[in-house]
$ cat final.txt   # compact mmCIF, C-alpha atoms and all ligand atoms
# COMPACT_ATOMS: atom_id res chain seq x y z
CA MET G 1 0.00 0.00 0.00
CA PRO G 2 1.62 3.33 -1.04
CA ASP G 3 1.74 6.22 1.45
CA ALA G 4 -1.43 8.30 1.36
CA LYS G 5 -1.00 11.58 -0.52
CA PRO G 6 -3.45 14.36 -1.45
CA ASN G 7 -5.65 13.25 -4.34
CA PRO G 8 -5.16 15.64 -7.31
CA LEU G 9 -8.86 15.16 -8.18
CA PHE G 10 -9.68 17.30 -5.15
CA ASP G 11 -6.83 19.81 -5.58
CA ILE G 12 -7.92 23.36 -6.39
CA SER G 13 -4.55 25.03 -5.89
CA GLY G 14 -4.16 28.14 -8.01
CA LYS G 15 -7.93 28.64 -8.29
CA THR G 16 -9.75 31.68 -6.94
CA ALA G 17 -13.06 31.09 -5.16
CA LEU G 18 -15.63 33.82 -4.49
CA VAL G 19 -17.99 32.75 -1.70
CA THR G 20 -20.86 35.16 -1.11
CA GLY G 21 -22.01 35.66 2.47
CA SER G 22 -18.76 34.25 3.82
CA SER G 23 -18.28 36.62 6.75
CA ARG G 24 -19.84 33.92 8.99
CA GLY G 25 -21.88 30.73 9.04
CA LEU G 26 -21.96 28.21 6.24
CA GLY G 27 -20.22 30.55 3.78
CA ARG G 28 -17.27 31.01 6.09
CA ALA G 29 -16.95 27.24 6.63
CA ILE G 30 -17.18 26.55 2.89
CA ALA G 31 -14.60 29.26 2.16
CA GLU G 32 -12.12 27.84 4.66
CA GLY G 33 -12.72 24.34 3.25
CA LEU G 34 -11.97 25.54 -0.27
CA GLY G 35 -8.91 27.32 1.13
CA ASP G 36 -7.74 24.06 2.71
CA ALA G 37 -8.01 22.46 -0.75
CA GLY G 38 -5.69 25.15 -2.12
CA ALA G 39 -7.91 27.99 -3.34
CA ARG G 40 -7.32 31.69 -2.92
CA LEU G 41 -10.47 33.14 -1.35
CA VAL G 42 -12.62 36.18 -2.05
CA ILE G 43 -14.95 36.65 0.86
CA ASN G 44 -18.08 38.78 0.89
CA GLY G 45 -20.78 40.33 3.01
CA ARG G 46 -22.58 43.68 3.17
CA LYS G 47 -20.61 45.21 6.05
CA ALA G 48 -16.98 46.22 5.56
CA GLU G 49 -16.00 45.77 9.21
CA THR G 50 -17.53 42.28 9.46
CA VAL G 51 -15.88 41.16 6.24
CA LYS G 52 -12.54 42.63 7.33
CA ARG G 53 -12.73 40.91 10.72
CA ALA G 54 -13.46 37.55 9.10
CA ALA G 55 -10.73 38.10 6.48
CA ASP G 56 -8.15 38.99 9.16
CA GLU G 57 -9.06 35.90 11.20
CA MET G 58 -8.72 33.73 8.11
CA ARG G 59 -5.38 35.31 7.14
CA ALA G 60 -4.12 34.62 10.65
CA LYS G 61 -4.92 30.94 10.01
CA GLY G 62 -2.86 31.06 6.80
CA TYR G 63 -5.52 31.50 4.11
CA GLU G 64 -4.97 33.87 1.16
CA VAL G 65 -7.99 36.15 1.37
CA LEU G 66 -9.31 39.11 -0.62
CA GLU G 67 -12.26 41.17 0.59
CA ALA G 68 -15.28 42.10 -1.55
CA VAL G 69 -17.94 44.11 0.25
CA PHE G 70 -21.17 44.31 -1.75
CA ASP G 71 -24.86 43.51 -1.56
CA VAL G 72 -25.51 40.44 -3.72
CA ALA G 73 -29.09 41.55 -4.33
CA VAL G 74 -28.17 44.87 -5.99
CA GLU G 75 -27.33 44.56 -9.68
CA GLU G 76 -25.05 47.62 -9.81
CA GLU G 77 -23.08 46.41 -6.79
CA VAL G 78 -22.60 42.93 -8.29
CA GLU G 79 -21.51 44.39 -11.64
CA GLY G 80 -19.24 46.84 -9.80
CA ALA G 81 -17.57 44.02 -7.88
CA PHE G 82 -16.83 42.06 -11.05
CA ALA G 83 -15.55 45.23 -12.78
CA ARG G 84 -13.16 45.64 -9.85
CA PHE G 85 -12.04 42.01 -10.16
CA ASP G 86 -11.35 42.64 -13.87
CA ALA G 87 -9.40 45.81 -13.13
CA GLU G 88 -7.30 44.03 -10.50
CA GLY G 89 -6.71 40.92 -12.66
CA ILE G 90 -8.74 38.67 -10.34
CA GLU G 91 -10.33 35.76 -12.23
CA ILE G 92 -13.12 33.96 -10.38
CA ASP G 93 -12.74 30.23 -11.11
CA ILE G 94 -15.21 29.05 -8.46
CA LEU G 95 -18.36 30.94 -7.51
CA VAL G 96 -20.33 29.87 -4.45
CA ASN G 97 -23.71 31.61 -4.25
CA ASN G 98 -24.25 31.23 -0.52
CA ALA G 99 -25.52 34.57 0.84
CA GLY G 100 -29.07 34.23 2.06
CA ILE G 101 -31.65 35.53 4.49
CA GLN G 102 -34.74 34.12 6.18
CA HIS G 103 -38.06 35.79 7.00
CA ARG G 104 -40.75 33.93 8.98
CA GLN G 105 -44.36 35.02 8.56
CA LEU G 106 -47.65 33.56 7.42
CA MET G 107 -48.41 34.47 3.81
CA VAL G 108 -51.62 36.34 4.65
CA GLU G 109 -49.56 38.73 6.81
CA LEU G 110 -46.56 38.98 4.50
CA LYS G 111 -45.69 42.34 2.95
CA LEU G 112 -44.64 42.46 -0.70
CA ALA G 113 -41.39 44.21 0.28
CA ASP G 114 -40.43 41.27 2.55
CA TRP G 115 -41.35 38.72 -0.14
CA GLN G 116 -39.21 40.67 -2.64
CA ARG G 117 -36.21 41.03 -0.31
CA VAL G 118 -36.10 37.27 0.31
CA ILE G 119 -36.45 36.43 -3.40
CA ASP G 120 -33.84 39.03 -4.39
CA THR G 121 -31.25 37.87 -1.85
CA ASN G 122 -31.76 34.11 -2.08
CA LEU G 123 -32.51 33.69 -5.79
CA THR G 124 -32.03 36.76 -8.00
CA ALA G 125 -28.56 37.30 -6.54
CA ALA G 126 -27.46 33.84 -7.72
CA PHE G 127 -28.58 34.76 -11.25
CA LEU G 128 -26.77 38.12 -11.11
CA LEU G 129 -23.51 36.67 -9.82
CA GLY G 130 -23.78 33.61 -12.06
CA ARG G 131 -24.28 35.85 -15.10
CA GLU G 132 -21.24 38.02 -14.33
CA ALA G 133 -19.06 35.02 -13.48
CA ALA G 134 -20.11 33.03 -16.55
CA LYS G 135 -19.45 35.94 -18.93
CA ARG G 136 -15.84 35.64 -17.83
CA MET G 137 -15.66 31.84 -17.43
CA ILE G 138 -17.08 31.07 -20.91
CA PRO G 139 -14.12 32.58 -22.85
CA ARG G 140 -11.74 30.70 -20.52
CA GLY G 141 -13.62 27.42 -21.12
CA SER G 142 -13.87 26.46 -17.46
CA GLY G 143 -15.52 27.35 -14.18
CA LYS G 144 -17.48 26.01 -11.25
CA VAL G 145 -20.70 27.45 -9.86
CA ILE G 146 -22.11 26.13 -6.61
CA ASN G 147 -25.50 27.42 -5.50
CA ILE G 148 -26.67 26.90 -1.95
CA GLY G 149 -30.20 25.51 -1.88
CA SER G 150 -32.00 23.98 1.06
CA LEU G 151 -34.36 21.20 2.08
CA THR G 152 -36.94 23.77 1.00
CA SER G 153 -35.65 23.45 -2.58
CA ASP G 154 -37.89 20.37 -2.54
CA LEU G 155 -40.22 20.75 0.46
CA ALA G 156 -42.67 23.47 1.49
CA ARG G 157 -42.98 24.60 5.09
CA ARG G 158 -45.39 26.99 6.83
CA THR G 159 -44.21 30.59 7.45
CA VAL G 160 -41.24 30.52 5.07
CA THR G 161 -42.90 30.54 1.65
CA PRO G 162 -40.78 33.21 -0.07
CA TYR G 163 -37.66 31.38 1.13
CA THR G 164 -38.96 28.04 -0.20
CA VAL G 165 -39.90 29.69 -3.51
CA ALA G 166 -36.38 31.15 -3.77
CA LYS G 167 -34.69 27.86 -2.84
CA GLY G 168 -36.94 25.91 -5.22
CA GLY G 169 -35.86 28.45 -7.82
CA ILE G 170 -32.21 27.78 -6.98
CA LYS G 171 -32.73 24.15 -8.00
CA MET G 172 -34.04 25.14 -11.45
CA LEU G 173 -31.58 28.03 -11.86
CA THR G 174 -28.80 25.49 -11.31
CA LYS G 175 -30.21 23.25 -14.04
CA GLY G 176 -30.58 26.26 -16.35
CA MET G 177 -26.96 27.23 -15.76
CA ALA G 178 -25.85 23.67 -16.55
CA ALA G 179 -28.02 23.62 -19.68
CA GLU G 180 -26.45 26.80 -21.04
CA TRP G 181 -22.89 26.61 -19.76
CA ALA G 182 -21.87 22.91 -19.68
CA GLU G 183 -20.67 23.09 -23.29
CA HIS G 184 -18.26 25.83 -22.18
CA GLY G 185 -16.60 23.60 -19.59
CA ILE G 186 -18.56 25.03 -16.66
CA GLN G 187 -20.21 22.87 -14.01
CA ALA G 188 -23.12 24.36 -12.07
CA ASN G 189 -24.43 22.36 -9.13
CA ALA G 190 -26.20 23.00 -5.85
CA ILE G 191 -25.90 21.90 -2.24
CA GLY G 192 -29.00 21.52 -0.08
CA PRO G 193 -28.03 21.78 3.59
CA GLY G 194 -30.33 20.41 6.26
CA TYR G 195 -30.78 22.17 9.61
CA MET G 196 -27.34 23.58 10.47
CA VAL G 197 -25.95 25.36 13.52
CA THR G 198 -25.56 28.99 12.37
CA GLU G 199 -26.72 32.47 13.34
CA MET G 200 -29.62 32.20 10.88
CA ASN G 201 -31.09 29.48 13.10
CA GLU G 202 -30.29 31.10 16.46
CA ALA G 203 -33.94 31.42 17.50
CA LEU G 204 -34.78 27.87 16.38
CA LEU G 205 -31.76 26.39 18.15
CA SER G 206 -32.81 27.90 21.46
CA ASP G 207 -36.44 26.75 21.08
CA PRO G 208 -36.56 23.36 22.86
CA GLU G 209 -39.63 22.23 20.89
CA PHE G 210 -38.03 23.03 17.53
CA ASP G 211 -34.72 21.51 18.60
CA ALA G 212 -36.51 18.29 19.56
CA TRP G 213 -38.39 18.32 16.23
CA VAL G 214 -35.14 18.62 14.22
CA LYS G 215 -33.47 15.85 16.20
CA GLY G 216 -36.50 13.59 15.98
CA ARG G 217 -37.11 14.22 12.28
CA THR G 218 -33.47 13.86 11.12
CA PRO G 219 -32.22 10.27 10.76
CA ALA G 220 -28.83 11.46 12.09
CA LYS G 221 -30.70 12.69 15.23
CA ARG G 222 -28.79 15.98 15.36
CA TRP G 223 -28.26 19.36 13.70
CA GLY G 224 -25.48 19.68 11.11
CA GLN G 225 -22.27 21.60 11.69
CA PRO G 226 -21.17 24.14 9.03
CA ASP G 227 -17.94 22.29 8.22
CA GLU G 228 -19.97 19.21 7.27
CA LEU G 229 -20.73 20.99 3.98
CA VAL G 230 -17.06 21.22 3.05
CA GLY G 231 -16.76 17.75 1.46
CA ALA G 232 -19.60 18.41 -0.98
CA ALA G 233 -18.28 21.90 -1.74
CA VAL G 234 -14.74 20.71 -2.46
CA PHE G 235 -16.09 17.87 -4.61
CA LEU G 236 -18.20 20.27 -6.67
CA ALA G 237 -15.39 22.87 -6.89
CA SER G 238 -12.69 20.41 -7.96
CA PRO G 239 -11.72 18.28 -10.98
CA ALA G 240 -13.46 15.36 -9.23
CA SER G 241 -16.81 16.63 -10.55
CA THR G 242 -16.11 17.53 -14.20
CA TYR G 243 -19.05 15.39 -15.46
CA VAL G 244 -21.49 16.33 -12.68
CA ASN G 245 -23.80 19.10 -13.81
CA GLY G 246 -27.16 20.53 -12.78
CA GLN G 247 -27.37 18.43 -9.61
CA LEU G 248 -28.61 19.30 -6.13
CA ILE G 249 -26.79 17.32 -3.43
CA PHE G 250 -28.49 17.25 -0.04
CA VAL G 251 -26.21 17.35 3.02
CA ASP G 252 -28.91 16.91 5.62
CA GLY G 253 -28.30 13.91 7.86
CA GLY G 254 -30.85 12.06 5.73
CA MET G 255 -33.80 14.35 6.48
CA ILE G 256 -35.09 14.81 2.91
CA SER G 257 -35.25 11.05 2.43
CA VAL G 258 -37.67 10.11 5.21
CA LEU G 259 -41.27 10.83 6.13
P1 LIG D 1 -26.06 33.36 8.24
O1 LIG D 1 -27.19 34.29 8.52
O2 LIG D 1 -25.33 32.78 9.39
O3 LIG D 1 -25.00 34.08 7.28
C1 LIG D 1 -25.44 34.72 6.12
C2 LIG D 1 -24.29 35.37 5.41
O4 LIG D 1 -24.78 36.02 4.22
C3 LIG D 1 -23.60 36.44 6.22
O5 LIG D 1 -22.23 36.45 5.90
C4 LIG D 1 -24.26 37.72 5.74
O6 LIG D 1 -23.43 38.84 5.98
C5 LIG D 1 -24.42 37.42 4.26
N1 LIG D 1 -25.46 38.17 3.55
C6 LIG D 1 -26.78 38.23 3.84
N2 LIG D 1 -27.41 39.01 2.96
C7 LIG D 1 -26.46 39.46 2.09
C8 LIG D 1 -26.48 40.29 0.96
N3 LIG D 1 -27.61 40.86 0.52
N4 LIG D 1 -25.31 40.53 0.31
C9 LIG D 1 -24.16 39.99 0.75
N5 LIG D 1 -24.08 39.17 1.81
C10 LIG D 1 -25.22 38.92 2.48
O7 LIG D 1 -26.68 32.23 7.29
P2 LIG D 1 -26.22 30.71 7.08
O8 LIG D 1 -24.76 30.60 7.08
O9 LIG D 1 -27.03 29.87 7.98
O10 LIG D 1 -26.81 30.46 5.60
C11 LIG D 1 -25.98 30.50 4.44
C12 LIG D 1 -26.78 29.98 3.26
O11 LIG D 1 -27.19 28.64 3.52
C13 LIG D 1 -28.06 30.76 2.97
O12 LIG D 1 -28.28 30.80 1.58
C14 LIG D 1 -29.12 29.91 3.64
O13 LIG D 1 -30.38 30.09 3.06
C15 LIG D 1 -28.58 28.53 3.35
N6 LIG D 1 -29.09 27.49 4.22
C16 LIG D 1 -28.86 27.55 5.58
C17 LIG D 1 -29.33 26.53 6.38
C18 LIG D 1 -29.11 26.52 7.85
O14 LIG D 1 -29.64 25.62 8.51
N7 LIG D 1 -28.35 27.43 8.42
C19 LIG D 1 -30.08 25.39 5.81
C20 LIG D 1 -30.25 25.45 4.39
C21 LIG D 1 -29.75 26.45 3.65
P3 LIG D 1 -24.03 40.32 6.26
O15 LIG D 1 -25.35 40.14 6.96
O16 LIG D 1 -22.99 40.95 7.13
O17 LIG D 1 -24.16 40.96 4.93

$ encode --input "final.txt" --output "structure tokens" --more "lines below"
Ligand code: NDP
Amino acid sequence: MPDAKPNPLFDISGKTALVTGSSRGLGRAIAEGLGDAGARLVINGRKAETVKRAADEMRAKGYEVLEAVFDVAVEEEVEGAFARFDAEGIEIDILVNNAGIQHRQLMVELKLADWQRVIDTNLTAAFLLGREAAKRMIPRGSGKVINIGSLTSDLARRTVTPYTVAKGGIKMLTKGMAAEWAEHGIQANAIGPGYMVTEMNEALLSDPEFDAWVKGRTPAKRWGQPDELVGAAVFLASPASTYVNGQLIFVDGGMISVL
């Protein structure tokens, strides 16, 4: 048996990965995981000081990190960020559309502005960033797009309808990206996390009834940890997945598979 060595199929050294919403939570864990596989990182969020703090912490751990502060839901800001990348010679090889927000309310009480904000941040942003990234990946003949979906890409749930509509849209946006861009050497896939321990779920985590529901409903009998998404992200970002396209991979402790 030869000595174990890093498998080149999962090596993304020399690649640059932009992970949206990577100042904390799942985005931060995915970014660090891609960094561990060799990528240079571009991290993002809406607040300069939060992004800088995260970037400094990551640099202290040895990651090569650039900062990109912009709102993923605002077309001019997305276009401006990519124009800056062009001007600075930064080529995005791997795009992870991760930034997202939640809003809990029954539909009959929901304001249009809240519906729109959730759709814009969780779905339209992935189109905007995907479009800008693909314009640049297509001439190069390669690229990886990873969209973060959810269990609600496939399942409805009371009080979170705009979120489920956006995440359902992520599933079809991913297939649309694959349909148009696969011939240009680009793979577009999605990850559907189950219930994970992050700030987004703070209120749910501290609600004993909800906590018990998640543990009872998930075959793994526990919440997921952010770094449990890293394996799927590295797979989809690396040469290991060159013939995988348009797929949504659930990382959910088995929850989507059981009644
Ligand atoms: P968090 O709330 O912990 O983090 C969200 C990140 O997105 C932050 O970095 C936030 O930074 C950033 N962000 C939010 N809005 C914008 C915006 N308009 N522009 C730029 N950045 C933005 O969320 P999670 O880590 O839990 O979730 C990450 C993704 O995973 C989301 O798409 C979410 O829907 C999805 N997901 C999460 C699950 C979970 O259980 N946690 C389950 C399934 C899917 P800032 O606010 O400073 O801008």

$ atom_distance --input "final.txt" --atom1 "atom O14 of ligand LIG 1 (chain D)" --atom2 "CA of Gly38 in chain G"
26.2 Å

$ residues_around --input "final.txt" --residues "Met137 in chain G" --least-positions-apart "5" --cutoff "10 Å" --atoms "all atoms listed in the file" --output "compact mmCIF listing (two decimals) with C-alpha atoms, in the frame of the given file"
# COMPACT_ATOMS: atom_id res chain seq x y z
CA GLU G 91 -10.33 35.76 -12.23
CA ILE G 92 -13.12 33.96 -10.38
CA ASP G 93 -12.74 30.23 -11.11
CA ILE G 94 -15.21 29.05 -8.46
CA GLY G 130 -23.78 33.61 -12.06
CA ARG G 131 -24.28 35.85 -15.10
CA GLU G 132 -21.24 38.02 -14.33
CA SER G 142 -13.87 26.46 -17.46
CA GLY G 143 -15.52 27.35 -14.18
CA LYS G 144 -17.48 26.01 -11.25
CA TRP G 181 -22.89 26.61 -19.76
CA HIS G 184 -18.26 25.83 -22.18
CA GLY G 185 -16.60 23.60 -19.59
CA ILE G 186 -18.56 25.03 -16.66

$ residues_near_ligand --input "final.txt" --ligand "ligand LIG 1 (chain D)" --cutoff "8 Å" --atoms "all atoms listed in the file" --output "mmCIF file with C-alpha atoms, in the coordinates of the input"
data_model
loop_
_atom_site.group_PDB
_atom_site.id
_atom_site.type_symbol
_atom_site.label_atom_id
_atom_site.label_comp_id
_atom_site.auth_asym_id
_atom_site.auth_seq_id
_atom_site.Cartn_x
_atom_site.Cartn_y
_atom_site.Cartn_z
ATOM 1 C CA THR G 20 -20.860 35.160 -1.110
ATOM 2 C CA GLY G 21 -22.010 35.660 2.470
ATOM 3 C CA SER G 22 -18.760 34.250 3.820
ATOM 4 C CA SER G 23 -18.280 36.620 6.750
ATOM 5 C CA ARG G 24 -19.840 33.920 8.990
ATOM 6 C CA GLY G 25 -21.880 30.730 9.040
ATOM 7 C CA LEU G 26 -21.960 28.210 6.240
ATOM 8 C CA GLY G 27 -20.220 30.550 3.780
ATOM 9 C CA ARG G 28 -17.270 31.010 6.090
ATOM 10 C CA ASN G 44 -18.080 38.780 0.890
ATOM 11 C CA GLY G 45 -20.780 40.330 3.010
ATOM 12 C CA ARG G 46 -22.580 43.680 3.170
ATOM 13 C CA LYS G 47 -20.610 45.210 6.050
ATOM 14 C CA THR G 50 -17.530 42.280 9.460
ATOM 15 C CA VAL G 51 -15.880 41.160 6.240
ATOM 16 C CA VAL G 69 -17.940 44.110 0.250
ATOM 17 C CA PHE G 70 -21.170 44.310 -1.750
ATOM 18 C CA ASP G 71 -24.860 43.510 -1.560
ATOM 19 C CA VAL G 72 -25.510 40.440 -3.720
ATOM 20 C CA ALA G 73 -29.090 41.550 -4.330
ATOM 21 C CA VAL G 74 -28.170 44.870 -5.990
ATOM 22 C CA ASN G 97 -23.710 31.610 -4.250
ATOM 23 C CA ASN G 98 -24.250 31.230 -0.520
ATOM 24 C CA ALA G 99 -25.520 34.570 0.840
ATOM 25 C CA GLY G 100 -29.070 34.230 2.060
ATOM 26 C CA ILE G 101 -31.650 35.530 4.490
ATOM 27 C CA GLN G 102 -34.740 34.120 6.180
ATOM 28 C CA THR G 121 -31.250 37.870 -1.850
ATOM 29 C CA ASN G 122 -31.760 34.110 -2.080
ATOM 30 C CA ALA G 125 -28.560 37.300 -6.540
ATOM 31 C CA ILE G 148 -26.670 26.900 -1.950
ATOM 32 C CA GLY G 149 -30.200 25.510 -1.880
ATOM 33 C CA SER G 150 -32.000 23.980 1.060
ATOM 34 C CA LEU G 151 -34.360 21.200 2.080
ATOM 35 C CA THR G 152 -36.940 23.770 1.000
ATOM 36 C CA TYR G 163 -37.660 31.380 1.130
ATOM 37 C CA LYS G 167 -34.690 27.860 -2.840
ATOM 38 C CA GLY G 192 -29.000 21.520 -0.080
ATOM 39 C CA PRO G 193 -28.030 21.780 3.590
ATOM 40 C CA GLY G 194 -30.330 20.410 6.260
ATOM 41 C CA TYR G 195 -30.780 22.170 9.610
ATOM 42 C CA MET G 196 -27.340 23.580 10.470
ATOM 43 C CA VAL G 197 -25.950 25.360 13.520
ATOM 44 C CA THR G 198 -25.560 28.990 12.370
ATOM 45 C CA GLU G 199 -26.720 32.470 13.340
ATOM 46 C CA MET G 200 -29.620 32.200 10.880
ATOM 47 C CA ASN G 201 -31.090 29.480 13.100
ATOM 48 C CA GLY G 224 -25.480 19.680 11.110
ATOM 49 C CA PRO G 226 -21.170 24.140 9.030
#

$ atom_distance --input "final.txt" --atom1 "CA of Gly246 in chain G" --atom2 "CA of Ala81 in chain G"
25.8 Å

$ closest_residue --input "final.txt" --among "G:Leu129, G:Asp227, G:Arg222, G:Ala237" --to "Phe210 in chain G" --atoms "all atoms listed in the file"
G:Arg222

$ residues_around --input "final.txt" --residues "Leu173 in chain G" --least-positions-apart "5" --cutoff "9 Å" --atoms "all atoms listed in the file" --output "list in words"
Leu123, Ala126, Phe127, Asn147, Gly168, Ala178 and Gly246 of chain G

$ residues_around --input "final.txt" --residues "Thr159 in chain G" --least-positions-apart "3" --cutoff "6 Å" --atoms "all atoms listed in the file" --output "VMD selection string"
chain G and resid 104 to 106

$ closest_residue --input "final.txt" --among "G:Ser153, G:Ser257, G:Thr161, G:Thr16" --to "Thr218 in chain G" --atoms "only C-alpha atoms"
G:Ser257

$ residues_around --input "final.txt" --residues "Gly231 in chain G" --least-positions-apart "4" --cutoff "10 Å" --atoms "all atoms listed in the file" --output "list in words"
Phe10, Ile30, Gly33, Leu34, Asp227, Phe235, Leu236, Ala237 and Val251 of chain G

$ closest_residue --input "final.txt" --among "G:Leu204, G:Ala54, G:Ala182, G:Ala166" --to "Gly141 in chain G" --atoms "only C-alpha atoms"
G:Ala182

$ closest_residue --input "final.txt" --among "G:Ala233, G:Ala113, G:Met177, G:Met172" --to "Ile138 in chain G" --atoms "all atoms listed in the file"
G:Met177

$ atom_distance --input "final.txt" --atom1 "CA of Val65 in chain G" --atom2 "CA of Ala133 in chain G"
18.6 Å

$ axis_aligned_box --input "final.txt" --around "range 21-27 of chain G" --padding-each-side "3 Å" --output "lines of an AutoDock Vina configuration file"
center_x = -20.1
center_y = 32.4
center_z = 5.8
size_x = 9.7
size_y = 14.4
size_z = 12.6

$ residues_around --input "final.txt" --residues "Leu41 in chain G" --least-positions-apart "4" --cutoff "8 Å" --atoms "only C-alpha atoms" --output "MDAnalysis selection string"
chainID G and resid 16:19 31 34:35 63:66

$ write_last_selection --input "final.txt" --atoms "C-alpha atoms" --output "compact mmCIF listing (two decimals), in the frame of the given file"
# COMPACT_ATOMS: atom_id res chain seq x y z
CA THR G 16 -9.75 31.68 -6.94
CA ALA G 17 -13.06 31.09 -5.16
CA LEU G 18 -15.63 33.82 -4.49
CA VAL G 19 -17.99 32.75 -1.70
CA ALA G 31 -14.60 29.26 2.16
CA LEU G 34 -11.97 25.54 -0.27
CA GLY G 35 -8.91 27.32 1.13
CA TYR G 63 -5.52 31.50 4.11
CA GLU G 64 -4.97 33.87 1.16
CA VAL G 65 -7.99 36.15 1.37
CA LEU G 66 -9.31 39.11 -0.62

$ closest_residue --input "final.txt" --among "G:Met255, G:Leu205, G:Ala37, G:Leu128" --to "Asp11 in chain G" --atoms "only C-alpha atoms"
G:Ala37

$ closest_residue --input "final.txt" --among "G:Asn7, G:Val145, G:Glu76, G:Glu32" --to "Ile170 in chain G" --atoms "all atoms listed in the file"
G:Val145

$ decode --input "final.txt" --residues "range 218-232 of chain G" --atoms "N, CA and C atoms" --output "mmCIF file, in the first residue's frame"
data_model
loop_
_atom_site.group_PDB
_atom_site.id
_atom_site.type_symbol
_atom_site.label_atom_id
_atom_site.label_comp_id
_atom_site.auth_asym_id
_atom_site.auth_seq_id
_atom_site.Cartn_x
_atom_site.Cartn_y
_atom_site.Cartn_z
ATOM 1 N N THR G 218 -34.689 14.139 11.909
ATOM 2 C CA THR G 218 -33.475 13.863 11.123
ATOM 3 C C THR G 218 -32.952 12.468 11.458
ATOM 4 N N PRO G 219 -32.764 11.594 10.463
ATOM 5 C CA PRO G 219 -32.220 10.267 10.762
ATOM 6 C C PRO G 219 -30.917 10.317 11.568
ATOM 7 N N ALA G 220 -30.089 11.344 11.336
ATOM 8 C CA ALA G 220 -28.831 11.461 12.093
ATOM 9 C C ALA G 220 -29.067 11.890 13.543
ATOM 10 N N LYS G 221 -30.296 12.314 13.856
ATOM 11 C CA LYS G 221 -30.701 12.687 15.230
ATOM 12 C C LYS G 221 -29.942 13.894 15.783
ATOM 13 N N ARG G 222 -29.498 14.782 14.899
ATOM 14 C CA ARG G 222 -28.790 15.983 15.362
ATOM 15 C C ARG G 222 -28.802 17.037 14.271
ATOM 16 N N TRP G 223 -28.463 18.272 14.658
ATOM 17 C CA TRP G 223 -28.258 19.363 13.702
ATOM 18 C C TRP G 223 -26.923 19.138 12.978
ATOM 19 N N GLY G 224 -26.764 19.753 11.816
ATOM 20 C CA GLY G 224 -25.478 19.677 11.109
ATOM 21 C C GLY G 224 -24.558 20.805 11.527
ATOM 22 N N GLN G 225 -23.270 20.569 11.435
ATOM 23 C CA GLN G 225 -22.267 21.603 11.689
ATOM 24 C C GLN G 225 -21.801 22.191 10.353
ATOM 25 N N PRO G 226 -21.540 23.512 10.316
ATOM 26 C CA PRO G 226 -21.165 24.144 9.034
ATOM 27 C C PRO G 226 -20.061 23.405 8.272
ATOM 28 N N ASP G 227 -19.042 22.900 8.975
ATOM 29 C CA ASP G 227 -17.941 22.291 8.218
ATOM 30 C C ASP G 227 -18.331 20.932 7.610
ATOM 31 N N GLU G 228 -19.520 20.460 7.906
ATOM 32 C CA GLU G 228 -19.970 19.206 7.273
ATOM 33 C C GLU G 228 -20.409 19.431 5.818
ATOM 34 N N LEU G 229 -20.434 20.705 5.381
ATOM 35 C CA LEU G 229 -20.733 20.994 3.975
ATOM 36 C C LEU G 229 -19.472 20.987 3.112
ATOM 37 N N VAL G 230 -18.311 20.996 3.778
ATOM 38 C CA VAL G 230 -17.062 21.217 3.047
ATOM 39 C C VAL G 230 -16.797 20.109 2.022
ATOM 40 N N GLY G 231 -17.045 18.867 2.387
ATOM 41 C CA GLY G 231 -16.764 17.750 1.463
ATOM 42 C C GLY G 231 -17.508 17.917 0.150
ATOM 43 N N ALA G 232 -18.807 18.232 0.245
ATOM 44 C CA ALA G 232 -19.604 18.411 -0.979
ATOM 45 C C ALA G 232 -19.098 19.615 -1.770
#
